>>> print(open('data-v9.pdb').read())   # PDB, C-alpha atoms
ATOM      1  CA  MET A   1       2.062   4.801  25.645
ATOM      2  CA  TYR A   2      -0.330   4.582  22.702
ATOM      3  CA  ILE A   3       2.392   3.075  20.480
ATOM      4  CA  LYS A   4       2.510  -0.014  22.743
ATOM      5  CA  ILE A   5      -1.282  -0.287  22.731
ATOM      6  CA  LYS A   6      -1.243   0.212  18.959
ATOM      7  CA  ARG A   7       1.096  -2.774  18.533
ATOM      8  CA  LEU A   8      -1.171  -4.949  20.687
ATOM      9  CA  ILE A   9      -4.176  -3.907  18.590
ATOM     10  CA  ASP A  10      -2.210  -4.772  15.433
ATOM     11  CA  ILE A  11      -1.390  -8.271  16.707
ATOM     12  CA  VAL A  12      -4.945  -9.064  17.791
ATOM     13  CA  LEU A  13      -6.681  -7.653  14.699
ATOM     14  CA  SER A  14      -4.179  -9.113  12.217
ATOM     15  CA  LEU A  15      -4.502 -12.565  13.792
ATOM     16  CA  ILE A  16      -8.287 -12.319  13.578
ATOM     17  CA  GLY A  17      -7.929 -11.078  10.006
ATOM     18  CA  LEU A  18      -5.731 -14.007   8.978
ATOM     19  CA  ILE A  19      -8.254 -16.470  10.393
ATOM     20  CA  VAL A  20     -11.404 -14.790   9.084
ATOM     21  CA  MET A  21      -9.918 -13.984   5.662
ATOM     22  CA  SER A  22      -8.438 -17.461   5.095
ATOM     23  CA  PRO A  23     -11.365 -18.613   2.874
ATOM     24  CA  LEU A  24     -11.007 -15.449   0.755
ATOM     25  CA  PHE A  25      -7.243 -15.994   0.559
ATOM     26  CA  LEU A  26      -7.899 -19.495  -0.776
ATOM     27  CA  ILE A  27     -10.403 -18.272  -3.379
ATOM     28  CA  LEU A  28      -8.076 -15.518  -4.596
ATOM     29  CA  THR A  29      -5.133 -17.925  -4.695
ATOM     30  CA  ILE A  30      -7.069 -20.295  -6.968
ATOM     31  CA  ALA A  31      -8.267 -17.396  -9.160
ATOM     32  CA  ILE A  32      -4.737 -16.052  -9.618
ATOM     33  CA  LYS A  33      -3.317 -19.468 -10.497
ATOM     34  CA  LEU A  34      -6.111 -20.161 -12.992
ATOM     35  CA  ASN A  35      -5.802 -16.728 -14.591
ATOM     36  CA  SER A  36      -2.051 -16.690 -15.287
ATOM     37  CA  SER A  37       1.143 -18.632 -14.697
ATOM     38  CA  GLY A  38       3.506 -17.576 -11.937
ATOM     39  CA  PRO A  39       3.586 -17.245  -8.140
ATOM     40  CA  VAL A  40       0.519 -16.214  -6.167
ATOM     41  CA  PHE A  41       2.356 -13.621  -4.106
ATOM     42  CA  PHE A  42       4.573 -10.739  -5.136
ATOM     43  CA  LYS A  43       7.358  -9.532  -2.834
ATOM     44  CA  GLN A  44       8.674  -5.992  -3.019
ATOM     45  CA  ARG A  45      11.416  -4.336  -0.966
ATOM     46  CA  ARG A  46      10.072  -1.456   1.083
ATOM     47  CA  VAL A  47      11.273   0.917   3.776
ATOM     48  CA  GLY A  48      10.150   0.090   7.306
ATOM     49  CA  ILE A  49      10.558   1.783  10.682
ATOM     50  CA  ASN A  50      13.871   3.637  11.088
ATOM     51  CA  LYS A  51      14.516   3.061   7.354
ATOM     52  CA  THR A  52      15.110  -0.673   7.729
ATOM     53  CA  HIS A  53      14.093  -2.740   4.702
ATOM     54  CA  PHE A  54      11.524  -5.534   4.559
ATOM     55  CA  ASN A  55       9.628  -7.436   1.874
ATOM     56  CA  ILE A  56       6.026  -6.332   1.546
ATOM     57  CA  LEU A  57       3.579  -9.004   0.373
ATOM     58  CA  LYS A  58       0.899  -8.562  -2.269
ATOM     59  CA  PHE A  59      -1.214 -10.810  -4.441
ATOM     60  CA  ARG A  60       0.376 -10.853  -7.894
ATOM     61  CA  THR A  61      -1.584  -8.677 -10.321
ATOM     62  CA  MET A  62       0.759  -8.606 -13.334
ATOM     63  CA  ARG A  63       2.131 -11.144 -15.781
ATOM     64  CA  ILE A  64       5.513 -12.679 -15.006
ATOM     65  CA  ASP A  65       6.952 -11.229 -18.235
ATOM     66  CA  SER A  66       6.263  -7.639 -17.089
ATOM     67  CA  PRO A  67       9.297  -5.298 -17.087
ATOM     68  CA  LYS A  68      11.070  -5.622 -13.759
ATOM     69  CA  ASP A  69      11.897  -2.587 -11.607
ATOM     70  CA  THR A  70      10.178  -0.299 -14.084
ATOM     71  CA  PRO A  71       7.989   2.563 -12.844
ATOM     72  CA  THR A  72       4.375   1.835 -13.757
ATOM     73  CA  HIS A  73       3.857   5.388 -14.986
ATOM     74  CA  LEU A  74       6.782   4.929 -17.394
ATOM     75  CA  LEU A  75       5.316   1.844 -19.031
ATOM     76  CA  GLU A  76       3.909   2.683 -22.452
ATOM     77  CA  ASN A  77       0.814   0.584 -21.913
ATOM     78  CA  PRO A  78       0.637  -0.795 -18.349
ATOM     79  CA  GLU A  79      -2.779  -2.328 -18.976
ATOM     80  CA  GLN A  80      -1.226  -4.964 -21.229
ATOM     81  CA  TYR A  81       0.745  -6.379 -18.310
ATOM     82  CA  ILE A  82      -2.034  -6.436 -15.713
ATOM     83  CA  THR A  83      -3.901  -9.727 -15.559
ATOM     84  CA  GLN A  84      -7.675  -9.939 -15.700
ATOM     85  CA  ILE A  85      -7.951 -10.892 -12.041
ATOM     86  CA  GLY A  86      -5.222  -8.327 -11.316
ATOM     87  CA  LYS A  87      -7.430  -5.469 -12.513
ATOM     88  CA  PHE A  88     -10.118  -6.538 -10.074
ATOM     89  CA  LEU A  89      -7.621  -6.967  -7.226
ATOM     90  CA  ARG A  90      -6.133  -3.505  -7.786
ATOM     91  CA  LYS A  91      -9.473  -1.761  -8.126
ATOM     92  CA  THR A  92     -10.757  -3.294  -4.890
ATOM     93  CA  SER A  93      -7.351  -3.124  -3.125
ATOM     94  CA  LEU A  94      -7.634  -6.853  -2.392
ATOM     95  CA  ASP A  95      -4.071  -7.248  -3.680
ATOM     96  CA  GLU A  96      -2.954  -5.618  -0.408
ATOM     97  CA  LEU A  97      -4.519  -8.282   1.860
ATOM     98  CA  PRO A  98      -1.355 -10.404   2.282
ATOM     99  CA  GLN A  99       0.127  -7.460   4.169
ATOM    100  CA  ILE A 100      -1.926  -8.650   7.127
ATOM    101  CA  TRP A 101       1.001 -11.043   7.625
ATOM    102  CA  ASN A 102       3.474  -8.137   7.539
ATOM    103  CA  ILE A 103       1.376  -6.531  10.282
ATOM    104  CA  PHE A 104       1.221  -9.693  12.387
ATOM    105  CA  VAL A 105       5.019 -10.154  12.394
ATOM    106  CA  GLY A 106       5.609  -6.493  13.266
ATOM    107  CA  GLU A 107       6.976  -5.148   9.973
ATOM    108  CA  MET A 108       3.936  -2.930   9.493
ATOM    109  CA  SER A 109       0.983  -1.500  11.370
ATOM    110  CA  ILE A 110      -2.660  -1.410  10.300
ATOM    111  CA  ILE A 111      -2.558   2.386  10.218
ATOM    112  CA  GLY A 112       0.516   4.424   9.320
ATOM    113  CA  PRO A 113       2.348   6.052   6.410
ATOM    114  CA  ARG A 114       2.450   3.722   3.400
ATOM    115  CA  PRO A 115       5.946   2.166   3.184
ATOM    116  CA  ALA A 116       8.086   3.756   0.494
ATOM    117  CA  LEU A 117       9.870   1.695  -2.122
ATOM    118  CA  TRP A 118      13.542   1.238  -1.247
ATOM    119  CA  ASN A 119      14.609   3.629  -4.029
ATOM    120  CA  GLN A 120      11.982   6.332  -3.600
ATOM    121  CA  PHE A 121      14.798   8.489  -2.301
ATOM    122  CA  ASP A 122      12.917  11.767  -2.754
ATOM    123  CA  LEU A 123       9.951  10.571  -0.680
ATOM    124  CA  ILE A 124      12.242   9.068   1.975
ATOM    125  CA  ALA A 125      14.161  12.358   2.204
ATOM    126  CA  GLU A 126      10.954  14.393   2.537
ATOM    127  CA  ARG A 127       9.719  12.077   5.289
ATOM    128  CA  ASP A 128      13.038  12.412   7.108
ATOM    129  CA  LYS A 129      12.288  16.109   7.589
ATOM    130  CA  TYR A 130       9.229  15.260   9.684
ATOM    131  CA  GLY A 131      10.297  12.082  11.490
ATOM    132  CA  VAL A 132       7.870  10.009   9.448
ATOM    133  CA  ASN A 133      10.458   7.280   8.875
ATOM    134  CA  ASN A 134      10.642   6.717  12.636
ATOM    135  CA  VAL A 135       7.138   5.255  12.929
ATOM    136  CA  PRO A 136       5.900   1.871  11.652
ATOM    137  CA  PRO A 137       4.540   2.027   8.080
ATOM    138  CA  GLY A 138       0.916   1.078   7.610
ATOM    139  CA  LEU A 139      -1.476  -0.877   5.437
ATOM    140  CA  THR A 140      -3.381   2.375   5.081
ATOM    141  CA  GLY A 141      -3.065   5.856   6.467
ATOM    142  CA  TRP A 142      -3.943   9.545   6.409
ATOM    143  CA  ALA A 143      -2.414  10.147   2.970
ATOM    144  CA  GLN A 144      -4.205   7.075   1.599
ATOM    145  CA  ILE A 145      -7.629   8.522   2.337
ATOM    146  CA  ASN A 146      -6.626  11.925   1.012
ATOM    147  CA  GLY A 147      -5.532  11.115  -2.500
ATOM    148  CA  ARG A 148      -3.658   7.776  -2.663
ATOM    149  CA  ASP A 149      -1.932   7.521  -6.070
ATOM    150  CA  GLU A 150      -2.837  11.064  -7.078
ATOM    151  CA  LEU A 151      -0.666  12.809  -4.517
ATOM    152  CA  PRO A 152       2.656  14.429  -5.421
ATOM    153  CA  ILE A 153       5.502  13.514  -3.075
ATOM    154  CA  LYS A 154       5.620  16.770  -1.098
ATOM    155  CA  VAL A 155       1.888  16.699  -0.397
ATOM    156  CA  LYS A 156       2.074  13.036   0.617
ATOM    157  CA  ALA A 157       4.947  13.775   3.014
ATOM    158  CA  GLU A 158       3.003  16.687   4.524
ATOM    159  CA  LEU A 159       0.004  14.442   5.168
ATOM    160  CA  ASP A 160       2.316  11.825   6.699
ATOM    161  CA  ARG A 161       3.724  14.562   8.963
ATOM    162  CA  GLU A 162       0.216  15.486  10.043
ATOM    163  CA  TYR A 163      -0.499  11.858  10.925
ATOM    164  CA  VAL A 164       2.694  11.499  12.971
ATOM    165  CA  GLU A 165       1.930  14.695  14.903
ATOM    166  CA  LYS A 166      -1.636  13.589  15.655
ATOM    167  CA  ILE A 167      -1.066   9.846  16.076
ATOM    168  CA  SER A 168      -3.713   8.490  18.454
ATOM    169  CA  LEU A 169      -6.510   5.943  18.653
ATOM    170  CA  ARG A 170      -8.943   8.565  17.398
ATOM    171  CA  MET A 171      -6.749   9.338  14.378
ATOM    172  CA  ASP A 172      -6.328   5.645  13.578
ATOM    173  CA  VAL A 173     -10.067   5.008  13.749
ATOM    174  CA  LYS A 174     -10.618   7.997  11.453
ATOM    175  CA  CYS A 175      -8.104   6.588   8.936
ATOM    176  CA  PHE A 176      -9.617   3.106   9.138
ATOM    177  CA  CYS A 177     -13.164   4.322   8.500
ATOM    178  CA  GLY A 178     -11.946   6.636   5.736
ATOM    179  CA  THR A 179     -10.162   3.735   4.055
ATOM    180  CA  ILE A 180     -13.346   1.681   3.889
ATOM    181  CA  VAL A 181     -15.109   4.578   2.149
ATOM    182  CA  SER A 182     -12.165   5.149  -0.247
ATOM    183  CA  VAL A 183     -11.965   1.466  -1.206
ATOM    184  CA  LEU A 184     -15.694   1.266  -1.873
ATOM    185  CA  LYS A 185     -15.453   4.349  -4.097
ATOM    186  CA  SER A 186     -12.051   3.360  -5.611
ATOM    187  CA  ASP A 187     -10.863   6.895  -4.864
ATOM    188  CA  GLY A 188      -7.407   7.899  -6.039
ATOM    189  CA  VAL A 189      -6.447   4.687  -7.816
ATOM    190  CA  VAL A 190      -4.374   5.543 -10.863
ATOM    191  CA  GLU A 191      -2.768   3.340 -13.512
ATOM    192  CA  GLY A 192      -0.527   4.539 -16.306
ATOM    193  CA  VAL A 193       1.124   7.811 -17.099
ATOM    194  CA  THR A 194      -0.674  10.367 -14.957
ATOM    195  CA  GLY A 195      -3.477  10.845 -12.528
ATOM    196  CA  THR A 196      -5.368  14.057 -11.982
ATOM    197  CA  THR A 197      -5.983  16.041  -8.851
ATOM    198  CA  GLY A 198      -8.235  18.963  -9.685
ATOM    199  CA  LYS A 199      -6.636  20.658 -12.696
ATOM    200  CA  LYS A 200      -3.134  19.407 -11.979
ATOM    201  CA  GLU A 201      -1.626  16.318 -13.561
ATOM    202  CA  VAL A 202       0.731  14.327 -11.383
ATOM    203  CA  ALA A 203       2.669  11.130 -11.997
ATOM    204  CA  SER A 204       1.260   7.976 -10.444
ATOM    205  CA  SER A 205       2.830   7.001  -7.138
ATOM    206  CA  LYS A 206       2.751   3.330  -8.068
ATOM    207  CA  GLU A 207       6.439   3.760  -8.870
ATOM    208  CA  PHE A 208       7.151   0.188  -9.698
ATOM    209  CA  ALA A 209       5.130  -2.334 -11.601
ATOM    210  CA  THR A 210       3.653  -4.423  -8.800
ATOM    211  CA  LYS A 211       2.997  -7.924  -9.910
TER     212      LYS A 211
END
>>> encode(input="data-v9.pdb", output="structure tokens")
Amino acid sequence: MYIKIKRLIDIVLSLIGLIVMSPLFLILTIAIKLNSSGPVFFKQRRVGINKTHFNILKFRTMRIDSPKDTPTHLLENPEQYITQIGKFLRKTSLDELPQIWNIFVGEMSIIGPRPALWNQFDLIAERDKYGVNNVPPGLTGWAQINGRDELPIKVKAELDREYVEKISLRMDVKCFCGTIVSVLKSDGVVEGVTGTTGKKEVASSKEFATK
């Protein structure tokens, strides 16, 4: 029952978001175009509900001459490819705003497991064990507020499992509020070779250079 209500909430809030955020979208569009040549938006193939594929939308944060389909953590110096405005967009997570459209058209939800890249086969397989791939992916979720880029795949899948088992309005509100705190603190955002969680070093989960 909640899944149907959740979809209605997604439609209403994403529509409001598109309207309210339109001035910010315009400002960021102008800033991106002035800062570097290339398209404003970046499309990337991701895994949606029931492992169907869709194109996620982001504001472009990297130069158009960046290596294509190359894991960010494998780039020798990823900073050289990220534009000046791109650094700001990534740090503040504003590059994710265009996904409001993905939510409005039903490809994503506001809250849910972050959609895996189409070739993150290890993460997809781990999620299959827990039925995570059978729920709509989200703009943010339980794993996002508990580590984001710092999480190794098995830990991320476990947190996604926990979300799926506890999915409810209360859980979604908790994730939403936690996301606001995480964004303000820039928690868990990692660029380059590795990120750190405690004393362990783990590869960044930004598998592919997102432009």
>>> resolve_selection(input="data-v9.pdb", expression="the PyMOL selection byres ((chain A and resi 48-61) around 9)", output="mmCIF file with C-alpha atoms, in the frame of the given file")
data_model
loop_
_atom_site.group_PDB
_atom_site.id
_atom_site.type_symbol
_atom_site.label_atom_id
_atom_site.label_comp_id
_atom_site.auth_asym_id
_atom_site.auth_seq_id
_atom_site.Cartn_x
_atom_site.Cartn_y
_atom_site.Cartn_z
ATOM 1 C CA LEU A 28 -8.076 -15.518 -4.596
ATOM 2 C CA THR A 29 -5.133 -17.925 -4.695
ATOM 3 C CA ILE A 32 -4.737 -16.052 -9.618
ATOM 4 C CA GLY A 38 3.506 -17.576 -11.937
ATOM 5 C CA PRO A 39 3.586 -17.245 -8.140
ATOM 6 C CA VAL A 40 0.519 -16.214 -6.167
ATOM 7 C CA PHE A 41 2.356 -13.621 -4.106
ATOM 8 C CA PHE A 42 4.573 -10.739 -5.136
ATOM 9 C CA LYS A 43 7.358 -9.532 -2.834
ATOM 10 C CA GLN A 44 8.674 -5.992 -3.019
ATOM 11 C CA ARG A 45 11.416 -4.336 -0.966
ATOM 12 C CA ARG A 46 10.072 -1.456 1.083
ATOM 13 C CA VAL A 47 11.273 0.917 3.776
ATOM 14 C CA MET A 62 0.759 -8.606 -13.334
ATOM 15 C CA ARG A 63 2.131 -11.144 -15.781
ATOM 16 C CA ILE A 64 5.513 -12.679 -15.006
ATOM 17 C CA TYR A 81 0.745 -6.379 -18.310
ATOM 18 C CA ILE A 82 -2.034 -6.436 -15.713
ATOM 19 C CA THR A 83 -3.901 -9.727 -15.559
ATOM 20 C CA GLN A 84 -7.675 -9.939 -15.700
ATOM 21 C CA ILE A 85 -7.951 -10.892 -12.041
ATOM 22 C CA GLY A 86 -5.222 -8.327 -11.316
ATOM 23 C CA LYS A 87 -7.430 -5.469 -12.513
ATOM 24 C CA PHE A 88 -10.118 -6.538 -10.074
ATOM 25 C CA LEU A 89 -7.621 -6.967 -7.226
ATOM 26 C CA ARG A 90 -6.133 -3.505 -7.786
ATOM 27 C CA LEU A 94 -7.634 -6.853 -2.392
ATOM 28 C CA ASP A 95 -4.071 -7.248 -3.680
ATOM 29 C CA GLU A 96 -2.954 -5.618 -0.408
ATOM 30 C CA LEU A 97 -4.519 -8.282 1.860
ATOM 31 C CA PRO A 98 -1.355 -10.404 2.282
ATOM 32 C CA GLN A 99 0.127 -7.460 4.169
ATOM 33 C CA ILE A 100 -1.926 -8.650 7.127
ATOM 34 C CA TRP A 101 1.001 -11.043 7.625
ATOM 35 C CA ASN A 102 3.474 -8.137 7.539
ATOM 36 C CA GLU A 107 6.976 -5.148 9.973
ATOM 37 C CA MET A 108 3.936 -2.930 9.493
ATOM 38 C CA PRO A 115 5.946 2.166 3.184
ATOM 39 C CA ALA A 116 8.086 3.756 0.494
ATOM 40 C CA TRP A 118 13.542 1.238 -1.247
ATOM 41 C CA ILE A 124 12.242 9.068 1.975
ATOM 42 C CA VAL A 132 7.870 10.009 9.448
ATOM 43 C CA ASN A 133 10.458 7.280 8.875
ATOM 44 C CA ASN A 134 10.642 6.717 12.636
ATOM 45 C CA VAL A 135 7.138 5.255 12.929
ATOM 46 C CA PRO A 136 5.900 1.871 11.652
ATOM 47 C CA PRO A 137 4.540 2.027 8.080
ATOM 48 C CA THR A 210 3.653 -4.423 -8.800
ATOM 49 C CA LYS A 211 2.997 -7.924 -9.910
#
>>> residues_around(input="data-v9.pdb", residues="Thr140 of chain A", least_positions_apart="4", cutoff="9 Å", atoms="all atoms listed in the file", output="ChimeraX atom specification")
/A:109-114,144-145,175-176,179
>>> atom_distance(input="data-v9.pdb", atom1="atom CA of Ser168 of chain A", atom2="atom CA of Ile3 of chain A")
8.4 Å
>>> residues_around(input="data-v9.pdb", residues="Leu13 of chain A", least_positions_apart="5", cutoff="10 Å", atoms="all atoms listed in the file", output="list of chain:residue names")
A:Arg7, A:Leu8, A:Leu18, A:Ile19, A:Ile100, A:Ile103, A:Phe104, A:Ile110
>>> closest_residue(input="data-v9.pdb", among="A:Ile9, A:Val164, A:Leu184, A:Cys177", to="Lys129 of chain A", atoms="only C-alpha atoms")
A:Val164
>>> residues_around(input="data-v9.pdb", residues="Tyr163 of chain A", least_positions_apart="2", cutoff="8 Å", atoms="all atoms listed in the file", output="PDB file with C-alpha atoms, in the frame of the given file")
ATOM      1  CA  GLY A 112       0.516   4.424   9.320  1.00  0.00           C
ATOM      2  CA  PRO A 113       2.348   6.052   6.410  1.00  0.00           C
ATOM      3  CA  GLY A 141      -3.065   5.856   6.467  1.00  0.00           C
ATOM      4  CA  TRP A 142      -3.943   9.545   6.409  1.00  0.00           C
ATOM      5  CA  LEU A 159       0.004  14.442   5.168  1.00  0.00           C
ATOM      6  CA  ASP A 160       2.316  11.825   6.699  1.00  0.00           C
ATOM      7  CA  ARG A 161       3.724  14.562   8.963  1.00  0.00           C
ATOM      8  CA  GLU A 165       1.930  14.695  14.903  1.00  0.00           C
ATOM      9  CA  LYS A 166      -1.636  13.589  15.655  1.00  0.00           C
ATOM     10  CA  ILE A 167      -1.066   9.846  16.076  1.00  0.00           C
ATOM     11  CA  MET A 171      -6.749   9.338  14.378  1.00  0.00           C
TER      12      MET A 171
END
>>> atom_distance(input="data-v9.pdb", atom1="atom CA of Glu126 of chain A", atom2="atom CA of Glu76 of chain A")
28.5 Å
